[in-house]
$ cat work-v1.txt   # compact mmCIF, C-alpha atoms and all ligand atoms
# COMPACT_ATOMS: atom_id res chain seq x y z
CA MET G 1 0.00 0.00 0.00
CA LYS G 2 1.25 3.53 -0.75
CA ILE G 3 1.16 5.41 2.55
CA ALA G 4 2.14 8.91 3.72
CA ILE G 5 2.51 9.72 7.41
CA LEU G 6 1.96 13.34 8.44
CA GLY G 7 4.30 14.06 11.35
CA GLY G 8 6.39 11.07 10.26
CA GLY G 9 9.54 12.61 11.73
CA GLY G 10 7.97 12.56 15.21
CA ALA G 11 7.66 9.84 17.85
CA MET G 12 4.47 8.04 16.79
CA GLY G 13 4.71 8.83 13.07
CA GLY G 14 8.19 7.33 13.09
CA ILE G 15 7.14 4.13 14.88
CA PHE G 16 4.10 3.48 12.66
CA GLY G 17 5.88 4.59 9.48
CA GLY G 18 8.90 2.47 10.32
CA TYR G 19 6.83 -0.65 11.00
CA LEU G 20 4.75 -0.18 7.82
CA ALA G 21 7.85 0.42 5.66
CA ARG G 22 9.65 -2.61 7.12
CA ALA G 23 6.65 -4.74 6.08
CA GLY G 24 7.15 -3.73 2.45
CA ASN G 25 4.71 -0.85 2.04
CA ASP G 26 5.66 2.22 -0.02
CA VAL G 27 5.89 4.70 2.88
CA THR G 28 6.91 8.37 2.96
CA LEU G 29 7.32 10.20 6.25
CA ILE G 30 6.13 13.78 5.75
CA ASP G 31 7.44 16.31 8.24
CA VAL G 32 8.15 20.04 8.49
CA SER G 33 11.27 19.27 10.53
CA LYS G 34 14.11 19.49 8.00
CA ALA G 35 16.46 17.98 10.59
CA ALA G 36 14.26 14.87 10.84
CA VAL G 37 13.83 14.55 7.05
CA THR G 38 17.58 14.84 6.43
CA ALA G 39 18.54 12.43 9.23
CA ILE G 40 16.03 9.77 8.08
CA ASN G 41 17.01 10.02 4.40
CA ASP G 42 20.74 9.97 5.20
CA ASN G 43 20.89 7.37 7.98
CA GLY G 44 17.50 5.61 8.14
CA LEU G 45 15.09 5.65 11.06
CA THR G 46 16.27 4.03 14.30
CA ILE G 47 13.66 2.63 16.69
CA GLU G 48 14.86 1.82 20.22
CA GLU G 49 12.65 -1.10 21.20
CA LYS G 50 11.76 -2.17 24.76
CA ASP G 51 13.74 -5.42 24.38
CA GLY G 52 16.96 -3.46 23.74
CA SER G 53 17.04 -4.00 19.97
CA GLN G 54 17.62 -0.92 17.79
CA PRO G 55 16.51 -1.69 14.22
CA VAL G 56 17.48 0.86 11.59
CA ILE G 57 14.72 1.07 8.99
CA LYS G 58 15.18 2.40 5.47
CA VAL G 59 12.24 4.69 4.74
CA SER G 60 11.79 7.86 2.67
CA ALA G 61 11.14 11.20 4.30
CA SER G 62 10.08 14.47 2.71
CA ASP G 63 8.88 17.96 3.54
CA ASN G 64 7.21 18.23 0.13
CA PRO G 65 3.91 16.33 -0.33
CA ALA G 66 3.83 17.29 -4.04
CA SER G 67 6.93 15.15 -4.63
CA VAL G 68 5.08 12.08 -3.30
CA GLY G 69 1.93 12.28 -5.44
CA PRO G 70 -1.37 10.50 -4.70
CA VAL G 71 -1.34 7.79 -2.02
CA ASP G 72 -3.83 5.13 -0.84
CA LEU G 73 -3.64 6.11 2.82
CA ILE G 74 -2.57 9.17 4.81
CA ILE G 75 -2.02 8.64 8.53
CA ASN G 76 -2.15 11.83 10.57
CA PHE G 77 0.28 11.91 13.50
CA VAL G 78 0.92 15.65 13.91
CA LYS G 79 -0.12 17.37 17.14
CA CYS G 80 -3.82 18.25 17.00
CA TYR G 81 -3.15 22.00 16.67
CA HIS G 82 -1.12 21.31 13.50
CA THR G 83 -3.79 19.16 11.84
CA GLU G 84 -5.34 21.81 9.60
CA ALA G 85 -1.98 23.00 8.25
CA ALA G 86 -0.69 19.44 7.72
CA VAL G 87 -3.86 18.16 6.00
CA ARG G 88 -4.12 21.23 3.75
CA ALA G 89 -0.50 20.80 2.71
CA ALA G 90 -1.23 17.12 1.96
CA ALA G 91 -3.61 18.04 -0.90
CA PRO G 92 -1.22 16.82 -3.68
CA MET G 93 -1.27 13.34 -2.09
CA ILE G 94 -5.08 13.12 -2.15
CA ALA G 95 -6.82 11.80 -5.26
CA GLY G 96 -9.22 9.02 -6.19
CA ASP G 97 -9.84 6.80 -3.15
CA THR G 98 -7.23 8.22 -0.77
CA ALA G 99 -8.35 7.71 2.84
CA VAL G 100 -7.14 9.89 5.74
CA LEU G 101 -6.78 8.17 9.12
CA SER G 102 -6.22 10.00 12.41
CA LEU G 103 -4.48 8.05 15.16
CA GLN G 104 -3.96 11.18 17.26
CA ASN G 105 -5.05 11.66 20.86
CA GLY G 106 -7.84 14.03 21.84
CA TRP G 107 -11.35 14.88 20.79
CA GLY G 108 -12.34 16.48 17.46
CA ASN G 109 -9.76 15.04 15.07
CA ALA G 110 -12.29 13.53 12.65
CA PRO G 111 -14.34 16.72 12.12
CA ARG G 112 -11.13 18.77 11.84
CA ILE G 113 -9.89 16.54 9.02
CA ALA G 114 -13.34 16.13 7.43
CA SER G 115 -13.71 19.91 7.18
CA ILE G 116 -10.78 19.86 4.74
CA VAL G 117 -11.01 16.55 2.85
CA GLY G 118 -14.71 15.70 3.29
CA GLU G 119 -16.24 13.11 5.65
CA ASP G 120 -16.12 10.28 3.09
CA ARG G 121 -12.33 10.10 3.16
CA VAL G 122 -12.02 9.98 6.96
CA LEU G 123 -11.13 6.90 9.01
CA VAL G 124 -10.98 7.27 12.80
CA GLY G 125 -8.59 5.50 15.11
CA LEU G 126 -6.44 5.60 18.21
CA THR G 127 -3.51 3.67 19.54
CA TYR G 128 -2.19 2.45 22.87
CA HIS G 129 1.41 2.40 21.61
CA GLY G 130 3.71 4.93 23.25
CA GLY G 131 6.69 6.73 21.78
CA THR G 132 9.35 9.31 22.58
CA LEU G 133 11.30 11.36 20.07
CA LEU G 134 14.96 11.14 21.15
CA ALA G 135 16.65 12.98 18.27
CA PRO G 136 15.99 13.58 14.56
CA GLY G 137 15.67 10.10 13.03
CA ARG G 138 15.74 8.32 16.41
CA VAL G 139 12.63 7.28 18.38
CA LYS G 140 12.06 5.18 21.49
CA HIS G 141 9.19 2.68 21.58
CA PRO G 142 8.71 1.83 25.27
CA GLY G 143 5.10 0.65 25.10
CA SER G 144 3.01 -1.44 22.71
CA GLY G 145 -0.74 -1.82 22.80
CA MET G 146 -3.85 -2.21 20.69
CA THR G 147 -4.70 0.10 17.79
CA TYR G 148 -8.40 0.58 16.98
CA ILE G 149 -9.72 1.76 13.61
CA GLY G 150 -13.26 2.33 12.35
CA GLU G 151 -15.43 4.15 9.87
CA LEU G 152 -17.36 7.20 11.12
CA THR G 153 -20.55 5.41 10.06
CA GLY G 154 -19.57 2.38 12.14
CA LYS G 155 -20.06 0.10 9.13
CA PRO G 156 -17.22 -2.21 8.05
CA THR G 157 -15.99 -1.35 4.54
CA GLU G 158 -13.55 -2.88 2.08
CA ARG G 159 -11.04 -0.03 2.53
CA LEU G 160 -11.17 -0.42 6.32
CA GLY G 161 -10.51 -4.15 5.98
CA LYS G 162 -7.52 -3.46 3.70
CA VAL G 163 -5.99 -0.95 6.12
CA ILE G 164 -6.41 -3.36 9.02
CA ASP G 165 -4.78 -6.19 7.02
CA VAL G 166 -1.84 -3.92 6.19
CA PHE G 167 -1.42 -2.89 9.85
CA ARG G 168 -1.57 -6.49 11.08
CA ALA G 169 0.93 -7.62 8.45
CA ALA G 170 3.26 -4.91 9.81
CA GLN G 171 3.03 -6.39 13.35
CA ILE G 172 0.75 -3.56 14.51
CA GLU G 173 -1.97 -5.32 16.52
CA THR G 174 -5.23 -3.80 15.31
CA THR G 175 -8.93 -4.15 16.11
CA GLN G 176 -11.71 -3.10 13.74
CA SER G 177 -14.33 -1.18 15.72
CA GLU G 178 -17.96 -0.54 14.86
CA ARG G 179 -18.18 1.88 17.83
CA ILE G 180 -14.98 3.79 17.25
CA LEU G 181 -16.13 6.95 19.04
CA ASP G 182 -16.66 4.92 22.25
CA GLU G 183 -13.06 3.71 21.84
CA VAL G 184 -11.93 7.32 21.35
CA TRP G 185 -13.60 8.20 24.68
CA LYS G 186 -11.90 5.28 26.43
CA LYS G 187 -8.51 6.56 25.26
CA LEU G 188 -9.52 10.13 26.10
CA ALA G 189 -10.19 8.95 29.67
CA LEU G 190 -6.65 7.53 29.90
CA ASN G 191 -5.13 10.69 28.46
CA ALA G 192 -7.19 13.07 30.64
CA CYS G 193 -6.02 11.22 33.77
CA THR G 194 -2.37 10.77 32.88
CA LEU G 195 -1.14 13.55 30.57
CA PRO G 196 -1.63 16.70 32.69
CA VAL G 197 -0.52 14.94 35.89
CA ALA G 198 2.70 13.75 34.21
CA GLY G 199 3.20 17.17 32.59
CA LEU G 200 2.73 19.10 35.85
CA LEU G 201 4.68 16.80 38.17
CA HIS G 202 7.35 15.62 35.68
CA LEU G 203 6.68 11.96 36.42
CA MET G 204 7.41 9.01 34.14
CA SER G 205 4.31 6.98 33.27
CA HIS G 206 4.90 4.14 35.76
CA GLU G 207 5.51 6.68 38.56
CA LEU G 208 1.94 7.98 38.22
CA VAL G 209 0.68 4.88 40.06
CA ALA G 210 3.48 4.89 42.64
CA PHE G 211 2.05 7.64 44.87
CA GLU G 212 -1.22 8.00 46.77
CA GLY G 213 -1.57 11.65 45.72
CA THR G 214 -1.33 11.00 41.98
CA LYS G 215 -3.72 8.03 42.23
CA LEU G 216 -6.29 10.17 44.09
CA LEU G 217 -5.92 12.96 41.52
CA MET G 218 -6.31 10.60 38.54
CA ALA G 219 -9.33 8.93 40.18
CA ALA G 220 -11.00 12.33 40.65
CA ILE G 221 -10.34 13.24 36.98
CA LEU G 222 -11.71 9.87 35.83
CA LYS G 223 -14.94 10.23 37.87
CA GLU G 224 -15.70 13.44 35.98
CA VAL G 225 -14.79 11.95 32.57
CA VAL G 226 -17.12 8.99 33.18
CA ALA G 227 -19.96 11.27 34.31
CA VAL G 228 -19.58 13.48 31.19
CA ALA G 229 -19.38 10.47 28.86
CA ASN G 230 -22.42 8.79 30.42
CA ALA G 231 -24.41 12.06 30.20
CA GLN G 232 -23.84 11.90 26.43
CA GLY G 233 -24.90 8.25 26.17
CA ILE G 234 -21.32 6.98 25.80
CA ALA G 235 -20.80 3.71 27.65
CA LEU G 236 -17.78 4.30 29.89
CA ASP G 237 -17.42 2.31 33.10
CA TYR G 238 -15.37 3.70 35.99
CA ASP G 239 -14.10 0.36 37.35
CA GLU G 240 -13.17 -0.98 33.91
CA ARG G 241 -11.29 2.23 32.99
CA TRP G 242 -9.52 2.49 36.36
CA ALA G 243 -8.28 -1.09 36.09
CA ALA G 244 -7.19 -0.53 32.45
CA ILE G 245 -5.43 2.78 33.20
CA THR G 246 -3.55 1.62 36.30
CA GLY G 247 -2.69 -1.70 34.62
CA LEU G 248 -1.24 0.10 31.59
CA LEU G 249 0.75 2.55 33.76
CA GLU G 250 2.24 -0.22 35.93
CA LYS G 251 3.65 -1.84 32.78
CA ALA G 252 4.79 1.45 31.18
CA ILE G 253 8.35 1.35 32.55
CA GLY G 254 10.40 3.93 30.62
CA GLY G 255 7.29 5.54 29.13
CA LYS G 256 7.05 9.32 29.03
CA ALA G 257 3.61 10.87 28.46
CA SER G 258 3.41 12.96 25.30
CA MET G 259 2.39 16.05 27.34
CA LEU G 260 5.49 15.70 29.52
CA GLN G 261 7.55 15.51 26.30
CA ASP G 262 5.84 18.75 25.18
CA VAL G 263 6.53 20.48 28.50
CA GLU G 264 10.18 19.42 28.48
CA ALA G 265 10.59 20.62 24.87
CA LYS G 266 8.76 23.87 25.82
CA ARG G 267 6.14 23.22 23.11
CA GLN G 268 2.45 23.93 23.02
CA THR G 269 0.50 21.03 24.61
CA GLU G 270 -2.74 19.36 23.52
CA ILE G 271 -4.53 20.21 26.80
CA GLU G 272 -7.48 21.90 25.02
CA VAL G 273 -8.46 18.70 23.15
CA ILE G 274 -7.87 16.45 26.19
CA ASN G 275 -9.07 17.84 29.55
CA GLY G 276 -10.41 20.93 27.75
CA ALA G 277 -12.73 18.66 25.74
CA ILE G 278 -14.05 17.15 28.99
CA VAL G 279 -14.74 20.62 30.40
CA ASP G 280 -16.55 21.68 27.18
CA ALA G 281 -18.64 18.49 27.09
CA GLY G 282 -19.43 18.98 30.81
CA LYS G 283 -20.75 22.47 30.09
CA ARG G 284 -22.94 21.15 27.26
CA THR G 285 -24.39 18.34 29.40
CA GLY G 286 -24.63 20.16 32.77
CA VAL G 287 -21.96 18.01 34.48
CA ALA G 288 -19.50 19.81 36.78
CA THR G 289 -15.82 19.15 35.93
CA PRO G 290 -13.79 21.22 38.46
CA VAL G 291 -10.81 18.86 38.59
CA ASN G 292 -10.44 18.69 34.80
CA GLU G 293 -10.81 22.48 34.61
CA THR G 294 -8.07 22.88 37.22
CA MET G 295 -5.78 20.67 35.08
CA VAL G 296 -6.50 22.93 32.07
CA TRP G 297 -5.74 26.10 34.05
CA MET G 298 -2.50 24.71 35.48
CA ILE G 299 -1.13 23.33 32.21
CA GLN G 300 -2.14 26.50 30.35
CA ALA G 301 -0.36 28.65 32.95
CA LYS G 302 2.78 26.49 32.87
CA GLN G 303 2.78 26.53 29.07
CA ALA G 304 2.19 30.30 28.85
CA HIS G 305 5.12 30.84 31.23
CA TYR G 306 7.67 28.73 29.33
CA LEU G 307 6.53 29.99 25.92
CA GLN G 308 6.94 33.57 27.22
CA VAL G 309 10.42 32.87 28.58
CA LYS G 310 11.38 31.09 25.31
CA ALA G 311 10.22 34.09 23.24
CA GLN G 312 12.41 36.54 25.22
N1 LIG N 401 3.93 10.12 22.05
C1 LIG N 401 3.04 9.20 22.41
O1 LIG N 401 3.35 8.31 23.23
C2 LIG N 401 1.67 9.20 21.83
C3 LIG N 401 1.19 10.27 21.11
N2 LIG N 401 -0.06 10.20 20.53
C4 LIG N 401 -0.60 11.32 19.77
O2 LIG N 401 0.00 11.28 18.47
C5 LIG N 401 0.15 12.61 17.95
C6 LIG N 401 1.63 12.85 17.65
O3 LIG N 401 2.35 12.78 18.87
P1 LIG N 401 3.93 12.61 18.92
O4 LIG N 401 4.38 11.64 17.89
O5 LIG N 401 4.28 12.41 20.33
O6 LIG N 401 4.38 14.07 18.44
P2 LIG N 401 5.82 14.61 17.98
O7 LIG N 401 5.91 16.03 18.43
O8 LIG N 401 6.90 13.66 18.40
O9 LIG N 401 5.75 14.55 16.38
C7 LIG N 401 4.97 15.42 15.62
C8 LIG N 401 5.79 15.77 14.38
O10 LIG N 401 4.93 16.52 13.49
C9 LIG N 401 5.74 17.56 12.91
N3 LIG N 401 4.87 18.59 12.33
C10 LIG N 401 4.41 19.76 12.87
N4 LIG N 401 3.64 20.42 11.97
C11 LIG N 401 3.61 19.65 10.84
C12 LIG N 401 2.99 19.81 9.57
N5 LIG N 401 2.23 20.88 9.29
N6 LIG N 401 3.19 18.85 8.65
C13 LIG N 401 3.96 17.76 8.91
N7 LIG N 401 4.58 17.57 10.10
C14 LIG N 401 4.39 18.49 11.06
C15 LIG N 401 6.57 18.01 14.09
O11 LIG N 401 7.64 18.84 13.69
P3 LIG N 401 8.11 20.02 14.72
O12 LIG N 401 8.54 19.32 15.98
O13 LIG N 401 9.19 20.70 13.98
O14 LIG N 401 6.86 20.86 14.96
C16 LIG N 401 7.00 16.66 14.66
O15 LIG N 401 8.13 16.16 13.98
C17 LIG N 401 -0.42 13.54 19.02
O16 LIG N 401 -1.78 13.80 18.77
C18 LIG N 401 -0.30 12.70 20.31
O17 LIG N 401 -1.23 13.06 21.29
C19 LIG N 401 -0.83 9.06 20.60
C20 LIG N 401 -0.40 7.98 21.30
C21 LIG N 401 0.85 7.99 22.03
C1 LIG N 402 1.35 6.54 25.58
C2 LIG N 402 0.14 7.17 26.23
C3 LIG N 402 -0.98 6.14 26.30
C4 LIG N 402 0.52 7.49 27.65
O1 LIG N 402 -0.44 8.23 28.33
C5 LIG N 402 -0.29 8.37 25.43
O2 LIG N 402 -1.29 8.33 24.76
C6 LIG N 402 0.51 9.62 25.42
O3 LIG N 402 1.56 9.70 26.05
O4 LIG N 402 0.06 10.55 24.73
$ encode --input "work-v1.txt" --output "structure tokens"
Amino acid sequence: MKIAILGGGGAMGGIFGGYLARAGNDVTLIDVSKAAVTAINDNGLTIEEKDGSQPVIKVSASDNPASVGPVDLIINFVKCYHTEAAVRAAAPMIAGDTAVLSLQNGWGNAPRIASIVGEDRVLVGLTYHGGTLLAPGRVKHPGSGMTYIGELTGKPTERLGKVIDVFRAAQIETTQSERILDEVWKKLALNACTLPVAGLLHLMSHELVAFEGTKLLMAAILKEVVAVANAQGIALDYDERWAAITGLLEKAIGGKASMLQDVEAKRQTEIEVINGAIVDAGKRTGVATPVNETMVWMIQAKQAHYLQVKAQ
């Protein structure tokens, strides 16, 4: 399959692009980072795996979508606030039956992409893999997990089946979902609990379950997320999510939450589409979300401070 990965020079784009290229697909990693594009084209992409292996994968990278031409599948792995720019710039790669799949975190990715390419092209997904960008052309892959993909309509289609086959053949464990937006909420619950707490306290993922204070804070965030989801008719169960979240964190040795990576790199975070989305949905449904709102205020203040210092 001919595949382009937007944000392919980053942590997750690199891991997925690398796996798909190694399986024999025609993959191009599209990225605005010239350092990443040059490093990958010159030296290949290195993935530091959890078992200590460090495969170097030969894969093309480019900052020029026009040079790639039409593809079968575009996978969007830029930060959510870069989606519009990245998808607009991807226009030369979209023709015929090209599908655009978001595997990003957060709420609102599908409508953001659909507003540019049209709803018919959009596939929705999410992944429980974790990644850290170490240097241009070098990513760490400390955590593997399930990837879910579905059509917005919920109906299985031939193109969805093909994408899932390609992912599975690339050793990316994938589940086809007929209720993909429920799966998005399940992942959103994990991210709302873990990302701001890691970003504020500078804790590695497994450390989030090592302290009573962080467990109490994450439990309070999760209670609100479940209440907001249930008020919208989304089936989210507190006990199931708590067990899944704490189980994942206990195993995530060496994992660094993407929001902590953003804070350390003094980059804009995705707080608005994570805890901010919970606060917005709470307002729409009349559910109070004071703990999630506090997370938004604190991350926004921290981010405003470092961006201000960086600009001086
Ligand atoms: N890291 C993780 O463990 C996980 C992350 N996710 C989600 O995946 C998405 C990507 O995260 P992650 O891989 O960590 O992010 P990274 O910051 O590591 O990678 C994003 C890449 O996109 C590049 N980029 C920015 N703007 C554009 C553009 N217009 N066109 C093409 N490339 C662009 C960035 O370049 P530059 O740095 O120069 O801006 C960067 O190289 C996020 O939504 C995140 O929440 C999901 C699961 C796990
Ligand atoms: C890897 C994981 C699940 C950790 O919270 C994540 O989604 C992220 O860091 O953005």
$ residues_near_point --input "work-v1.txt" --point "(8.1, 4.1, 35.4)" --cutoff "9 Å" --atoms "only C-alpha atoms" --output "PyMOL selection string"
chain G and resi 203-210+249-256
$ closest_atom_pairs --input "work-v1.txt" --of "chain G" --to "ligand LIG 402 (chain N)" --cutoff "9 Å" --atoms "only C-alpha atoms and all ligand atoms" --output "tab-separated table"
residue	atom	partner	partner_atom	distance
G:Gln104	CA	N:LIG402	O2	8.5
G:Asn105	CA	N:LIG402	O2	6.4
G:Leu126	CA	N:LIG402	O2	8.8
G:Thr127	CA	N:LIG402	O2	7.3
G:Tyr128	CA	N:LIG402	C3	5.2
G:His129	CA	N:LIG402	C1	5.7
G:Gly130	CA	N:LIG402	C1	3.7
G:Gly131	CA	N:LIG402	C1	6.6
G:Thr132	CA	N:LIG402	O3	8.5
G:Pro142	CA	N:LIG402	C1	8.7
G:Gly143	CA	N:LIG402	C1	7.0
G:Ser144	CA	N:LIG402	C1	8.6
G:Gly145	CA	N:LIG402	C3	8.7
G:Lys187	CA	N:LIG402	O2	7.5
G:Leu188	CA	N:LIG402	O2	8.5
G:Leu190	CA	N:LIG402	O1	6.4
G:Asn191	CA	N:LIG402	O1	5.3
G:Ala192	CA	N:LIG402	O1	8.6
G:Cys193	CA	N:LIG402	O1	8.3
G:Thr194	CA	N:LIG402	O1	5.6
G:Leu195	CA	N:LIG402	O1	5.8
G:Ala198	CA	N:LIG402	O1	8.7
G:Ser205	CA	N:LIG402	C4	6.8
G:Ile245	CA	N:LIG402	O1	8.8
G:Leu248	CA	N:LIG402	C3	8.0
G:Leu249	CA	N:LIG402	C4	7.9
G:Ala252	CA	N:LIG402	C4	8.2
G:Gly255	CA	N:LIG402	C1	7.0
G:Lys256	CA	N:LIG402	O3	6.3
G:Ala257	CA	N:LIG402	O3	3.4
G:Ser258	CA	N:LIG402	O3	3.8
G:Met259	CA	N:LIG402	O4	6.5
G:Leu260	CA	N:LIG402	O3	8.0
G:Gln261	CA	N:LIG402	O3	8.3
$ residues_around --input "work-v1.txt" --residues "G:Val166" --least-positions-apart "5" --cutoff "12 Å" --atoms "all atoms listed in the file" --output "list in words"
Met1, Lys2, Ile3, Phe16, Gly17, Tyr19, Leu20, Ala21, Arg22, Ala23, Gly24, Asn25, Asp26, Asp72, Leu73, Arg159, Leu160, Gly161, Gln171, Ile172, Glu173 and Thr174 of chain G
$ closest_residue --input "work-v1.txt" --among "G:Val68, G:Val87, G:Val296, G:Val117" --to "G:Gly199" --atoms "all atoms listed in the file"
G:Val296
$ atom_distance --input "work-v1.txt" --atom1 "atom C13 of ligand LIG 401 (chain N)" --atom2 "atom CA of G:Gly9"
8.1 Å
$ closest_residue --input "work-v1.txt" --among "G:Ala95, G:Met298, G:Leu152, G:Ala85" --to "G:Leu123" --atoms "all atoms listed in the file"
G:Leu152
$ closest_residue --input "work-v1.txt" --among "G:Asn76, G:Thr98, G:Thr246, G:Asn41" --to "G:Leu216" --atoms "only C-alpha atoms"
G:Thr246
$ residues_near_point --input "work-v1.txt" --point "(12.2, 5.6, 4.3)" --cutoff "8 Å" --atoms "all atoms listed in the file" --output "PyMOL selection string"
chain G and resi 18+21+27-29+40-41+44-45+57-61
$ closest_residue --input "work-v1.txt" --among "G:Ile5, G:Val228, G:Val124, G:Leu200" --to "G:Glu183" --atoms "only C-alpha atoms"
G:Val124
$ residues_around --input "work-v1.txt" --residues "G:Asp280" --least-positions-apart "5" --cutoff "10 Å" --atoms "only C-alpha atoms" --output "list in words"
Val228, Glu272, Val273, Asn275, Thr285, Gly286, Val287, Thr289 and Glu293 of chain G
$ atom_distance --input "work-v1.txt" --atom1 "atom CA of G:Asn292" --atom2 "atom C10 of ligand LIG 401 (chain N)"
26.5 Å
$ closest_residue --input "work-v1.txt" --among "G:Ala91, G:Ile116, G:Ala219, G:Leu103" --to "ligand LIG 401 (chain N)" --atoms "all atoms listed in the file"
G:Leu103
$ build_atoms --input "work-v1.txt" --residues "stretch 261-273 of chain G" --atoms "N, CA, C and O atoms" --output "PDB file, keeping the file's coordinate frame"
ATOM      1  N   GLN G 261       6.573  15.241  27.372  1.00  0.00           N
ATOM      2  CA  GLN G 261       7.550  15.510  26.300  1.00  0.00           C
ATOM      3  C   GLN G 261       7.371  16.944  25.781  1.00  0.00           C
ATOM      4  O   GLN G 261       8.338  17.649  25.502  1.00  0.00           O
ATOM      5  N   ASP G 262       6.106  17.374  25.645  1.00  0.00           N
ATOM      6  CA  ASP G 262       5.840  18.750  25.180  1.00  0.00           C
ATOM      7  C   ASP G 262       6.375  19.777  26.176  1.00  0.00           C
ATOM      8  O   ASP G 262       7.012  20.768  25.802  1.00  0.00           O
ATOM      9  N   VAL G 263       6.096  19.534  27.462  1.00  0.00           N
ATOM     10  CA  VAL G 263       6.530  20.480  28.500  1.00  0.00           C
ATOM     11  C   VAL G 263       8.061  20.570  28.511  1.00  0.00           C
ATOM     12  O   VAL G 263       8.631  21.671  28.544  1.00  0.00           O
ATOM     13  N   GLU G 264       8.709  19.408  28.443  1.00  0.00           N
ATOM     14  CA  GLU G 264      10.180  19.420  28.480  1.00  0.00           C
ATOM     15  C   GLU G 264      10.767  20.127  27.256  1.00  0.00           C
ATOM     16  O   GLU G 264      11.795  20.790  27.348  1.00  0.00           O
ATOM     17  N   ALA G 265      10.085  19.979  26.104  1.00  0.00           N
ATOM     18  CA  ALA G 265      10.590  20.620  24.870  1.00  0.00           C
ATOM     19  C   ALA G 265      10.082  22.077  24.772  1.00  0.00           C
ATOM     20  O   ALA G 265      10.343  22.743  23.775  1.00  0.00           O
ATOM     21  N   LYS G 266       9.342  22.520  25.789  1.00  0.00           N
ATOM     22  CA  LYS G 266       8.760  23.870  25.820  1.00  0.00           C
ATOM     23  C   LYS G 266       7.900  24.132  24.573  1.00  0.00           C
ATOM     24  O   LYS G 266       8.039  25.148  23.887  1.00  0.00           O
ATOM     25  N   ARG G 267       7.043  23.143  24.264  1.00  0.00           N
ATOM     26  CA  ARG G 267       6.140  23.220  23.110  1.00  0.00           C
ATOM     27  C   ARG G 267       4.729  23.416  23.616  1.00  0.00           C
ATOM     28  O   ARG G 267       4.403  23.061  24.756  1.00  0.00           O
ATOM     29  N   GLN G 268       3.869  23.880  22.717  1.00  0.00           N
ATOM     30  CA  GLN G 268       2.450  23.930  23.020  1.00  0.00           C
ATOM     31  C   GLN G 268       1.961  22.502  23.328  1.00  0.00           C
ATOM     32  O   GLN G 268       2.405  21.539  22.687  1.00  0.00           O
ATOM     33  N   THR G 269       1.059  22.354  24.292  1.00  0.00           N
ATOM     34  CA  THR G 269       0.500  21.030  24.610  1.00  0.00           C
ATOM     35  C   THR G 269      -0.853  20.852  23.917  1.00  0.00           C
ATOM     36  O   THR G 269      -1.371  21.782  23.311  1.00  0.00           O
ATOM     37  N   GLU G 270      -1.411  19.653  24.091  1.00  0.00           N
ATOM     38  CA  GLU G 270      -2.740  19.360  23.520  1.00  0.00           C
ATOM     39  C   GLU G 270      -3.834  19.436  24.591  1.00  0.00           C
ATOM     40  O   GLU G 270      -4.882  18.819  24.445  1.00  0.00           O
ATOM     41  N   ILE G 271      -3.594  20.207  25.654  1.00  0.00           N
ATOM     42  CA  ILE G 271      -4.530  20.210  26.800  1.00  0.00           C
ATOM     43  C   ILE G 271      -5.967  20.567  26.386  1.00  0.00           C
ATOM     44  O   ILE G 271      -6.925  20.018  26.930  1.00  0.00           O
ATOM     45  N   GLU G 272      -6.118  21.476  25.406  1.00  0.00           N
ATOM     46  CA  GLU G 272      -7.480  21.900  25.020  1.00  0.00           C
ATOM     47  C   GLU G 272      -8.314  20.745  24.471  1.00  0.00           C
ATOM     48  O   GLU G 272      -9.521  20.717  24.663  1.00  0.00           O
ATOM     49  N   VAL G 273      -7.680  19.802  23.741  1.00  0.00           N
ATOM     50  CA  VAL G 273      -8.460  18.700  23.150  1.00  0.00           C
ATOM     51  C   VAL G 273      -8.481  17.468  24.067  1.00  0.00           C
ATOM     52  O   VAL G 273      -9.067  16.452  23.712  1.00  0.00           O
TER      53      VAL G 273
END
